[in-house]
Amino acid sequence: MNLVGHLRCFVVVAEELHFGRAAERLGMAQPPLSQRIQRLEKELGVRLFDRSSRRVRLTAPGGLLLDEARDILTRVDRIYSVAERARLGEVGTVRAGLPSDLGGPIVAALIAAFRERRPDLRLDLRETGTDEQVRALAEGALDAGVVRHPCDSRDLELGPMLGQPLGVLLPAGGELAASPEVHLADLGARDLVVPPRGEAPGAHDDLLAGCRRHGYAPAAVHEARHPGFAHGFVLAGTAVAIAPRTDDTAGVTWRPLVGEPLAWRTSCAWRRAGDPDHARAIADFTAVATAVLRDEADMTPLDGAPTRRVVPRPSSGFLA
């Protein structure tokens with residue numbers, strides 16, 4: 001006897017309390033459905049339904065067995081889900097996207113923290129901009145990501161919003177570098193170096209709008225994917241770069257902006273998983289990633305998110 005199939009029939013009849021409607025839901029004729037219920041009753045040795053010409057009612061044993069039957073069917077569905085993920089090569093893996101400018105120490109801390117929390121899972125990290133992450137999440141190519149806002153977050157679940165103040169990278173020997181803080185307006189018409197717009201268009205446009213709003217209208221905007229390229233412009237004295245707090249390097253120094261007028265807004269993003277085990281894996285990744293971003297990238301909660309002690313540590317990336 002196909003016990004799982006018979007239990008599915010039992011649950012549907014118990015929910016409908018009508019063999020005709022139950023047969024319609026199951027896509028079968030009513031006589032075979034009645035025969036399946038009878039065979040299940042014979043197999044279990046109990047009567048599951050009281051039938052009459054007017055109505056169908058669950059018996060006491062039927063009521064006791066209903067929750068157990070639902071639980072068995074849920075577990076069977078999970079087995080099929082795991083088998084499908086195994087066929088696709090996804091078992092035991094969380095696929096996550098990270099911005100390309102996230103500093104190496106932050107990536108390393110995330111890997112170590114996730115390994116400690118979930119040693120049973122493999123973490124597949126992919127260097128991917130926000131726009132591409134959003135597309136990959138929608139297509140199911142990623143399970144979770146770390147995105148910059150604003151972005152198209154429709155149909156996505158979002159973790160706590162985190163803010164990261166931005167400062168400016170300047171030539172170390174310049175006049176502005178002698179000040180502990182810099183006004184955006186004091187940058188005059190200097191060229192500006194920022195990450196590529198294609199990676200996070202919303203954050204890119206917000207950054208330039210914020211510069212203009214606070215009196216800085218760069219003569220030209222250059223895009224740099226990696227810190228070294230941005231540092232080259234700064235060292236040449238032809239541009240400044242907007243970046244989170246970072247260690248000074250030879251010839252380049254970082255200064256905060258007066259009033260913290262510019263900041264990245266970052267959060268984890270994911271699509272809701274149907275499989276409970278996979279959902280827990282994604283939840284574990286987003287919890288770990290949020291904690292690492294707070295502690296290692298000097299990000300702080302926004303939008304009323306609960307506060308926690310953050311140990312300030314310089315970011316080693318151009319835009320972490």
# chains A, B, ... in the order shown; residues from 1 in each chain; ligands from 1
$ residues_around --residues "stretch 288-294 of chain A" --least-positions-apart "5" --cutoff "10 Å" --atoms "only C-alpha atoms" --output "PyMOL selection string"
chain A and resi 98+102+106-117+145-146+159-164+266-268+282-283+299-301+308-313+320
$ residues_around --residues "stretch 147-158 of chain A" --least-positions-apart "5" --cutoff "8 Å" --atoms "only C-alpha atoms" --output "PDB file with N, CA, C and O atoms, in the first residue's frame"
ATOM      1  N   LEU A  98      28.337  39.532  -2.106  1.00  0.00           N
ATOM      2  CA  LEU A  98      28.950  40.606  -1.326  1.00  0.00           C
ATOM      3  C   LEU A  98      29.410  41.705  -2.283  1.00  0.00           C
ATOM      4  O   LEU A  98      29.839  41.418  -3.398  1.00  0.00           O
ATOM      5  N   PRO A  99      29.375  42.981  -1.845  1.00  0.00           N
ATOM      6  CA  PRO A  99      29.905  44.063  -2.687  1.00  0.00           C
ATOM      7  C   PRO A  99      31.383  43.834  -2.987  1.00  0.00           C
ATOM      8  O   PRO A  99      32.130  43.330  -2.138  1.00  0.00           O
ATOM      9  N   GLY A 129      27.865  43.155  -7.309  1.00  0.00           N
ATOM     10  CA  GLY A 129      27.263  44.440  -6.982  1.00  0.00           C
ATOM     11  C   GLY A 129      25.795  44.305  -6.609  1.00  0.00           C
ATOM     12  O   GLY A 129      25.157  43.269  -6.855  1.00  0.00           O
ATOM     13  N   THR A 130      25.253  45.358  -6.043  1.00  0.00           N
ATOM     14  CA  THR A 130      23.866  45.327  -5.563  1.00  0.00           C
ATOM     15  C   THR A 130      22.877  44.998  -6.674  1.00  0.00           C
ATOM     16  O   THR A 130      21.990  44.156  -6.506  1.00  0.00           O
ATOM     17  N   ASP A 131      23.004  45.667  -7.819  1.00  0.00           N
ATOM     18  CA  ASP A 131      22.040  45.444  -8.898  1.00  0.00           C
ATOM     19  C   ASP A 131      22.035  43.987  -9.340  1.00  0.00           C
ATOM     20  O   ASP A 131      20.976  43.385  -9.543  1.00  0.00           O
ATOM     21  N   GLN A 133      23.039  41.424  -7.560  1.00  0.00           N
ATOM     22  CA  GLN A 133      22.526  40.605  -6.461  1.00  0.00           C
ATOM     23  C   GLN A 133      21.005  40.546  -6.487  1.00  0.00           C
ATOM     24  O   GLN A 133      20.404  39.479  -6.313  1.00  0.00           O
ATOM     25  N   VAL A 134      20.380  41.700  -6.693  1.00  0.00           N
ATOM     26  CA  VAL A 134      18.909  41.746  -6.717  1.00  0.00           C
ATOM     27  C   VAL A 134      18.369  40.841  -7.825  1.00  0.00           C
ATOM     28  O   VAL A 134      17.409  40.085  -7.625  1.00  0.00           O
ATOM     29  N   ALA A 200      25.890  49.634  -7.904  1.00  0.00           N
ATOM     30  CA  ALA A 200      24.827  50.060  -6.985  1.00  0.00           C
ATOM     31  C   ALA A 200      24.337  51.428  -7.433  1.00  0.00           C
ATOM     32  O   ALA A 200      24.697  52.457  -6.844  1.00  0.00           O
ATOM     33  N   PRO A 201      23.516  51.474  -8.492  1.00  0.00           N
ATOM     34  CA  PRO A 201      23.093  52.763  -9.058  1.00  0.00           C
ATOM     35  C   PRO A 201      22.418  53.691  -8.046  1.00  0.00           C
ATOM     36  O   PRO A 201      22.677  54.897  -8.044  1.00  0.00           O
ATOM     37  N   GLY A 202      21.567  53.128  -7.194  1.00  0.00           N
ATOM     38  CA  GLY A 202      20.861  53.968  -6.228  1.00  0.00           C
ATOM     39  C   GLY A 202      21.810  54.636  -5.252  1.00  0.00           C
ATOM     40  O   GLY A 202      21.720  55.844  -4.996  1.00  0.00           O
ATOM     41  N   ALA A 203      22.743  53.861  -4.696  1.00  0.00           N
ATOM     42  CA  ALA A 203      23.715  54.410  -3.744  1.00  0.00           C
ATOM     43  C   ALA A 203      24.635  55.410  -4.436  1.00  0.00           C
ATOM     44  O   ALA A 203      24.997  56.445  -3.869  1.00  0.00           O
ATOM     45  N   TRP A 264      26.877  55.308   3.590  1.00  0.00           N
ATOM     46  CA  TRP A 264      26.294  54.156   2.917  1.00  0.00           C
ATOM     47  C   TRP A 264      25.197  53.591   3.812  1.00  0.00           C
ATOM     48  O   TRP A 264      25.341  53.548   5.034  1.00  0.00           O
ATOM     49  N   ARG A 265      24.126  53.123   3.193  1.00  0.00           N
ATOM     50  CA  ARG A 265      23.091  52.365   3.903  1.00  0.00           C
ATOM     51  C   ARG A 265      23.111  50.939   3.356  1.00  0.00           C
ATOM     52  O   ARG A 265      22.954  50.731   2.156  1.00  0.00           O
ATOM     53  N   THR A 266      23.328  50.005   4.256  1.00  0.00           N
ATOM     54  CA  THR A 266      23.581  48.618   3.860  1.00  0.00           C
ATOM     55  C   THR A 266      22.699  47.678   4.665  1.00  0.00           C
ATOM     56  O   THR A 266      22.417  47.944   5.835  1.00  0.00           O
ATOM     57  N   SER A 267      22.271  46.589   4.045  1.00  0.00           N
ATOM     58  CA  SER A 267      21.542  45.548   4.784  1.00  0.00           C
ATOM     59  C   SER A 267      21.712  44.219   4.067  1.00  0.00           C
ATOM     60  O   SER A 267      22.099  44.169   2.896  1.00  0.00           O
ATOM     61  N   CYS A 268      21.403  43.159   4.769  1.00  0.00           N
ATOM     62  CA  CYS A 268      21.281  41.849   4.120  1.00  0.00           C
ATOM     63  C   CYS A 268      19.934  41.776   3.416  1.00  0.00           C
ATOM     64  O   CYS A 268      18.963  42.429   3.822  1.00  0.00           O
ATOM     65  N   ALA A 269      19.869  40.996   2.365  1.00  0.00           N
ATOM     66  CA  ALA A 269      18.620  40.797   1.620  1.00  0.00           C
ATOM     67  C   ALA A 269      18.539  39.334   1.210  1.00  0.00           C
ATOM     68  O   ALA A 269      19.555  38.692   0.957  1.00  0.00           O
ATOM     69  N   TRP A 270      17.311  38.821   1.171  1.00  0.00           N
ATOM     70  CA  TRP A 270      17.121  37.431   0.772  1.00  0.00           C
ATOM     71  C   TRP A 270      15.681  37.211   0.351  1.00  0.00           C
ATOM     72  O   TRP A 270      14.802  38.020   0.655  1.00  0.00           O
ATOM     73  N   ARG A 271      15.465  36.144  -0.371  1.00  0.00           N
ATOM     74  CA  ARG A 271      14.106  35.711  -0.701  1.00  0.00           C
ATOM     75  C   ARG A 271      13.693  34.628   0.280  1.00  0.00           C
ATOM     76  O   ARG A 271      14.508  33.788   0.675  1.00  0.00           O
ATOM     77  N   ARG A 272      12.447  34.658   0.680  1.00  0.00           N
ATOM     78  CA  ARG A 272      11.962  33.682   1.654  1.00  0.00           C
ATOM     79  C   ARG A 272      12.072  32.270   1.083  1.00  0.00           C
ATOM     80  O   ARG A 272      11.671  31.999  -0.035  1.00  0.00           O
TER      81      ARG A 272
END
$ closest_residue --among "A:Asp248, A:Asp186, A:Glu132, A:Asp205" --to "A:Pro171" --atoms "only C-alpha atoms"
A:Asp248
$ select_by_dssp --residues "stretch 67-248 of chain A" --states "alpha helix (DSSP H)" --output "MDAnalysis selection string"
chainID A and resid 67:87 104:117 130:139 201:213 227:235
$ select_by_dssp --residues "stretch 137-216 of chain A" --states "strand (DSSP E or B)" --output "PyMOL selection string"
chain A and resi 144-149+157-158+162-165+167-171+182+191-194
$ closest_residue --among "A:Glu41, A:Asp295, A:Glu24, A:Glu16" --to "A:Met1" --atoms "only C-alpha atoms"
A:Glu41
$ decode --residues "stretch 104-118 of chain A" --atoms "all heavy atoms" --output "PDB file, in the first residue's frame"
ATOM      1  N   GLY A 104      39.020  42.977   2.628  1.00  0.00           N
ATOM      2  CA  GLY A 104      39.431  41.592   2.838  1.00  0.00           C
ATOM      3  C   GLY A 104      39.250  41.106   4.261  1.00  0.00           C
ATOM      4  O   GLY A 104      38.736  39.993   4.479  1.00  0.00           O
ATOM      5  N   PRO A 105      39.659  41.875   5.286  1.00  0.00           N
ATOM      6  CA  PRO A 105      39.463  41.428   6.667  1.00  0.00           C
ATOM      7  C   PRO A 105      37.995  41.207   7.026  1.00  0.00           C
ATOM      8  O   PRO A 105      37.672  40.328   7.827  1.00  0.00           O
ATOM      9  CB  PRO A 105      40.067  42.566   7.498  1.00  0.00           C
ATOM     10  CG  PRO A 105      41.071  43.188   6.594  1.00  0.00           C
ATOM     11  CD  PRO A 105      40.472  43.099   5.222  1.00  0.00           C
ATOM     12  N   ILE A 106      37.095  41.999   6.414  1.00  0.00           N
ATOM     13  CA  ILE A 106      35.665  41.843   6.699  1.00  0.00           C
ATOM     14  C   ILE A 106      35.164  40.533   6.092  1.00  0.00           C
ATOM     15  O   ILE A 106      34.421  39.779   6.728  1.00  0.00           O
ATOM     16  CB  ILE A 106      34.876  43.046   6.140  1.00  0.00           C
ATOM     17  CG1 ILE A 106      35.318  44.320   6.849  1.00  0.00           C
ATOM     18  CG2 ILE A 106      33.372  42.832   6.308  1.00  0.00           C
ATOM     19  CD1 ILE A 106      34.822  45.588   6.196  1.00  0.00           C
ATOM     20  N   VAL A 107      35.586  40.248   4.865  1.00  0.00           N
ATOM     21  CA  VAL A 107      35.198  38.985   4.234  1.00  0.00           C
ATOM     22  C   VAL A 107      35.732  37.810   5.047  1.00  0.00           C
ATOM     23  O   VAL A 107      35.024  36.823   5.296  1.00  0.00           O
ATOM     24  CB  VAL A 107      35.715  38.923   2.784  1.00  0.00           C
ATOM     25  CG1 VAL A 107      35.415  37.558   2.166  1.00  0.00           C
ATOM     26  CG2 VAL A 107      35.075  40.028   1.944  1.00  0.00           C
ATOM     27  N   ALA A 108      36.978  37.905   5.478  1.00  0.00           N
ATOM     28  CA  ALA A 108      37.577  36.823   6.263  1.00  0.00           C
ATOM     29  C   ALA A 108      36.831  36.628   7.582  1.00  0.00           C
ATOM     30  O   ALA A 108      36.589  35.485   8.006  1.00  0.00           O
ATOM     31  CB  ALA A 108      39.044  37.128   6.539  1.00  0.00           C
ATOM     32  N   ALA A 109      36.455  37.731   8.239  1.00  0.00           N
ATOM     33  CA  ALA A 109      35.727  37.633   9.505  1.00  0.00           C
ATOM     34  C   ALA A 109      34.358  36.998   9.299  1.00  0.00           C
ATOM     35  O   ALA A 109      33.885  36.201  10.130  1.00  0.00           O
ATOM     36  CB  ALA A 109      35.581  39.022  10.130  1.00  0.00           C
ATOM     37  N   LEU A 110      33.712  37.315   8.168  1.00  0.00           N
ATOM     38  CA  LEU A 110      32.394  36.735   7.883  1.00  0.00           C
ATOM     39  C   LEU A 110      32.512  35.235   7.674  1.00  0.00           C
ATOM     40  O   LEU A 110      31.706  34.453   8.205  1.00  0.00           O
ATOM     41  CB  LEU A 110      31.807  37.423   6.647  1.00  0.00           C
ATOM     42  CG  LEU A 110      30.308  37.251   6.385  1.00  0.00           C
ATOM     43  CD1 LEU A 110      29.816  38.348   5.452  1.00  0.00           C
ATOM     44  CD2 LEU A 110      29.986  35.894   5.784  1.00  0.00           C
ATOM     45  N   ILE A 111      33.509  34.817   6.909  1.00  0.00           N
ATOM     46  CA  ILE A 111      33.706  33.380   6.660  1.00  0.00           C
ATOM     47  C   ILE A 111      33.956  32.646   7.973  1.00  0.00           C
ATOM     48  O   ILE A 111      33.373  31.585   8.241  1.00  0.00           O
ATOM     49  CB  ILE A 111      34.870  33.158   5.677  1.00  0.00           C
ATOM     50  CG1 ILE A 111      34.498  33.702   4.290  1.00  0.00           C
ATOM     51  CG2 ILE A 111      35.229  31.676   5.589  1.00  0.00           C
ATOM     52  CD1 ILE A 111      35.666  33.734   3.316  1.00  0.00           C
ATOM     53  N   ALA A 112      34.834  33.204   8.820  1.00  0.00           N
ATOM     54  CA  ALA A 112      35.167  32.550  10.086  1.00  0.00           C
ATOM     55  C   ALA A 112      33.961  32.470  11.011  1.00  0.00           C
ATOM     56  O   ALA A 112      33.716  31.434  11.650  1.00  0.00           O
ATOM     57  CB  ALA A 112      36.307  33.300  10.772  1.00  0.00           C
ATOM     58  N   ALA A 113      33.185  33.559  11.082  1.00  0.00           N
ATOM     59  CA  ALA A 113      32.023  33.582  11.977  1.00  0.00           C
ATOM     60  C   ALA A 113      30.948  32.614  11.509  1.00  0.00           C
ATOM     61  O   ALA A 113      30.308  31.935  12.319  1.00  0.00           O
ATOM     62  CB  ALA A 113      31.464  34.998  12.066  1.00  0.00           C
ATOM     63  N   PHE A 114      30.742  32.520  10.197  1.00  0.00           N
ATOM     64  CA  PHE A 114      29.725  31.590   9.688  1.00  0.00           C
ATOM     65  C   PHE A 114      30.172  30.152   9.881  1.00  0.00           C
ATOM     66  O   PHE A 114      29.365  29.280  10.212  1.00  0.00           O
ATOM     67  CB  PHE A 114      29.442  31.859   8.213  1.00  0.00           C
ATOM     68  CG  PHE A 114      28.283  31.056   7.681  1.00  0.00           C
ATOM     69  CD1 PHE A 114      26.979  31.409   7.983  1.00  0.00           C
ATOM     70  CD2 PHE A 114      28.499  29.938   6.887  1.00  0.00           C
ATOM     71  CE1 PHE A 114      25.907  30.663   7.498  1.00  0.00           C
ATOM     72  CE2 PHE A 114      27.442  29.193   6.401  1.00  0.00           C
ATOM     73  CZ  PHE A 114      26.140  29.556   6.716  1.00  0.00           C
ATOM     74  N   ARG A 115      31.468  29.894   9.684  1.00  0.00           N
ATOM     75  CA  ARG A 115      31.984  28.544   9.888  1.00  0.00           C
ATOM     76  C   ARG A 115      31.799  28.104  11.343  1.00  0.00           C
ATOM     77  O   ARG A 115      31.468  26.953  11.620  1.00  0.00           O
ATOM     78  CB  ARG A 115      33.456  28.491   9.504  1.00  0.00           C
ATOM     79  CG  ARG A 115      34.077  27.084   9.594  1.00  0.00           C
ATOM     80  CD  ARG A 115      35.549  27.139   9.252  1.00  0.00           C
ATOM     81  NE  ARG A 115      35.761  27.568   7.874  1.00  0.00           N
ATOM     82  CZ  ARG A 115      36.700  28.424   7.496  1.00  0.00           C
ATOM     83  NH1 ARG A 115      37.495  28.967   8.393  1.00  0.00           N
ATOM     84  NH2 ARG A 115      36.841  28.734   6.226  1.00  0.00           N
ATOM     85  N   GLU A 116      31.991  29.051  12.257  1.00  0.00           N
ATOM     86  CA  GLU A 116      31.818  28.720  13.677  1.00  0.00           C
ATOM     87  C   GLU A 116      30.360  28.454  14.005  1.00  0.00           C
ATOM     88  O   GLU A 116      30.036  27.557  14.781  1.00  0.00           O
ATOM     89  CB  GLU A 116      32.349  29.866  14.534  1.00  0.00           C
ATOM     90  CG  GLU A 116      32.216  29.623  16.034  1.00  0.00           C
ATOM     91  CD  GLU A 116      32.790  30.753  16.860  1.00  0.00           C
ATOM     92  OE1 GLU A 116      33.374  31.689  16.278  1.00  0.00           O
ATOM     93  OE2 GLU A 116      32.648  30.710  18.096  1.00  0.00           O
ATOM     94  N   ARG A 117      29.467  29.239  13.394  1.00  0.00           N
ATOM     95  CA  ARG A 117      28.033  29.092  13.691  1.00  0.00           C
ATOM     96  C   ARG A 117      27.427  27.888  12.996  1.00  0.00           C
ATOM     97  O   ARG A 117      26.598  27.182  13.564  1.00  0.00           O
ATOM     98  CB  ARG A 117      27.293  30.365  13.282  1.00  0.00           C
ATOM     99  CG  ARG A 117      25.800  30.341  13.583  1.00  0.00           C
ATOM    100  CD  ARG A 117      25.249  31.732  13.589  1.00  0.00           C
ATOM    101  NE  ARG A 117      23.823  31.759  13.884  1.00  0.00           N
ATOM    102  CZ  ARG A 117      23.223  32.795  14.436  1.00  0.00           C
ATOM    103  NH1 ARG A 117      23.914  33.857  14.785  1.00  0.00           N
ATOM    104  NH2 ARG A 117      21.923  32.773  14.650  1.00  0.00           N
ATOM    105  N   ARG A 118      27.815  27.651  11.741  1.00  0.00           N
ATOM    106  CA  ARG A 118      27.240  26.544  10.966  1.00  0.00           C
ATOM    107  C   ARG A 118      28.336  25.729  10.299  1.00  0.00           C
ATOM    108  O   ARG A 118      28.542  25.805   9.092  1.00  0.00           O
ATOM    109  CB  ARG A 118      26.267  27.086   9.919  1.00  0.00           C
ATOM    110  CG  ARG A 118      24.995  27.704  10.472  1.00  0.00           C
ATOM    111  CD  ARG A 118      24.162  26.713  11.289  1.00  0.00           C
ATOM    112  NE  ARG A 118      23.790  25.533  10.550  1.00  0.00           N
ATOM    113  CZ  ARG A 118      22.647  25.408   9.875  1.00  0.00           C
ATOM    114  NH1 ARG A 118      21.774  26.406   9.857  1.00  0.00           N
ATOM    115  NH2 ARG A 118      22.359  24.281   9.252  1.00  0.00           N
TER     116      ARG A 118
END
